[in-house]
Amino acid sequence: DTAVSQTPKYLVTQMGNDKSIKCEQNLGHDTMYWYKQDSKKFLKIMFSYNNKELIINETVPNRFSPKSPDKAHLNLHINSLELGDSAVYFCASSPLKRSYNEQFFGPGTRLTVL
Amino acid sequence: AQKVTQAQTEISVVEKEDVTLDCVYETRDTTYYLFWYKQPPSGELVFLIRRNSFDEQNEISGRYSWNFQKSTSSFNFTITASQVVDSAVYFCALSENTNAGKSTFGDGTTLTVKP
């Protein structure tokens, strides 16, 4: 199936650990995103890559580092996890770095930091 | 700076009622795009509609309709004859032409449709 996929779907870990979330899209899109959705359902963009190039980097702690090995993949690595990092992280993609393009979202990764 | 306000945090209706979800936006661009996304209880985000700033025609898709009014900077979403399956969080989003690739989302409106 063509889609945006994320692994893992659930991630439970201890404070201070380092973890990664992987995202892959097979839609042939050029642009990928990471969003964070908190417990109040607020959705905030974190990063965006266009053809492996970082184009959006919102005010996010340095502990968060995105990596795009190719335009079909955008991974998110988080160092020294904190309680406040608990959230649902969504990966998304869009055809081009254009404002008129809608975004296609992955199923989300629920991160719980204990 | 772009901003989207969804003043209604939660709405609860009984099945078959009509319901309107409000969206007010702020932008300095003359060219911009507005979107609605649906997030059902299962959690995935689904694109519903896109509107560009030059097209103020209202759109209807089945029980869904959208009213875009530049004069009031609003892009409201109406569900006619609501159904339980419409229960979800609905997000309005704005993307400016000068800020390509970045969408700003409203805080969402949680709609509960009771049987």
# chains A, B, ... in the order shown; residues from 1 in each chain; ligands from 1
>>> select_by_dssp(residues="segment 15-75 of chain A", states="strand (DSSP E or B)", output="number ranges by chain")
A: 19-25, 31-37, 43-50, 53-57, 64-70, 73-75
>>> interface_residues(of="chain B", to="chain A", cutoff="8 Å", atoms="only C-alpha atoms", output="list in words")
Tyr32, Tyr33, Phe35, Gly43, Glu44, Leu45, Val46, Phe47, Arg50, Asn52, Ser95, Glu96, Asn97, Asn99, Ala100, Gly101, Lys102, Ser103, Thr104, Phe105, Gly106, Asp107 and Gly108 of chain B
>>> residues_around(residues="Glu26 of chain B", least_positions_apart="4", cutoff="7 Å", atoms="only C-alpha atoms", output="number ranges by chain")
B: 2-4, 73
>>> write_last_selection(atoms="N, CA, C and O atoms", output="mmCIF file, in the first residue's frame")
data_model
loop_
_atom_site.group_PDB
_atom_site.id
_atom_site.type_symbol
_atom_site.label_atom_id
_atom_site.label_comp_id
_atom_site.auth_asym_id
_atom_site.auth_seq_id
_atom_site.Cartn_x
_atom_site.Cartn_y
_atom_site.Cartn_z
ATOM 1 N N GLN B 2 1.846 33.874 10.375
ATOM 2 C CA GLN B 2 0.569 33.236 10.143
ATOM 3 C C GLN B 2 0.016 32.670 11.442
ATOM 4 O O GLN B 2 0.763 32.184 12.287
ATOM 5 N N LYS B 3 -1.298 32.759 11.567
ATOM 6 C CA LYS B 3 -1.953 32.288 12.784
ATOM 7 C C LYS B 3 -3.332 31.751 12.436
ATOM 8 O O LYS B 3 -4.025 32.298 11.565
ATOM 9 N N VAL B 4 -3.714 30.689 13.127
ATOM 10 C CA VAL B 4 -5.033 30.090 12.924
ATOM 11 C C VAL B 4 -5.694 29.940 14.281
ATOM 12 O O VAL B 4 -5.098 29.402 15.213
ATOM 13 N N SER B 73 -11.854 36.816 7.177
ATOM 14 C CA SER B 73 -10.725 35.888 7.389
ATOM 15 C C SER B 73 -11.188 34.606 8.053
ATOM 16 O O SER B 73 -10.619 34.151 9.058
#
>>> residues_around(residues="Tyr90 of chain B", least_positions_apart="5", cutoff="6 Å", atoms="only C-alpha atoms", output="list of chain:residue names")
B:Tyr37, B:Lys38, B:Gly108, B:Thr109
>>> atom_distance(atom1="atom CA of Val60 of chain A", atom2="atom CA of Pro95 of chain A")
24.6 Å
>>> closest_residue(among="B:Phe75, B:Phe91, B:Tyr25, B:Tyr64", to="Arg51 of chain B", atoms="only C-alpha atoms")
B:Phe75
>>> atom_distance(atom1="atom CA of Asn17 of chain A", atom2="atom CA of Ser39 of chain A")
21.1 Å
>>> closest_residue(among="B:Leu21, B:Thr27, B:Ser12, B:Gln57", to="Thr112 of chain B", atoms="only C-alpha atoms")
B:Ser12
>>> residues_around(residues="Asp22 of chain B", least_positions_apart="3", cutoff="8 Å", atoms="only C-alpha atoms", output="PDB file with C-alpha atoms, in the first residue's frame")
ATOM      1  CA  GLN B   6     -10.274  27.660  16.299  1.00  0.00           C
ATOM      2  CA  ALA B   7     -12.189  29.208  19.172  1.00  0.00           C
ATOM      3  CA  GLN B   8     -14.384  26.177  19.795  1.00  0.00           C
ATOM      4  CA  SER B  74     -12.771  32.821   8.075  1.00  0.00           C
ATOM      5  CA  PHE B  75     -12.934  29.340   6.651  1.00  0.00           C
ATOM      6  CA  ASN B  76     -15.769  27.574   8.427  1.00  0.00           C
ATOM      7  CA  PHE B  77     -16.732  23.937   8.098  1.00  0.00           C
TER       8      PHE B  77
END
>>> closest_residue(among="B:Ser65, B:Ser71, B:Ser42, B:Asn58", to="Ser87 of chain B", atoms="only C-alpha atoms")
B:Ser42
>>> residues_around(residues="Asn62 of chain A", least_positions_apart="4", cutoff="12 Å", atoms="only C-alpha atoms", output="PyMOL selection string")
chain A and resi 46+57-58+66+76-81
>>> atom_distance(atom1="atom CA of Val4 of chain A", atom2="atom CA of Lys67 of chain A")
16.3 Å
>>> closest_residue(among="B:Thr98, B:Thr80, B:Thr110, B:Thr72", to="Lys16 of chain B", atoms="only C-alpha atoms")
B:Thr80
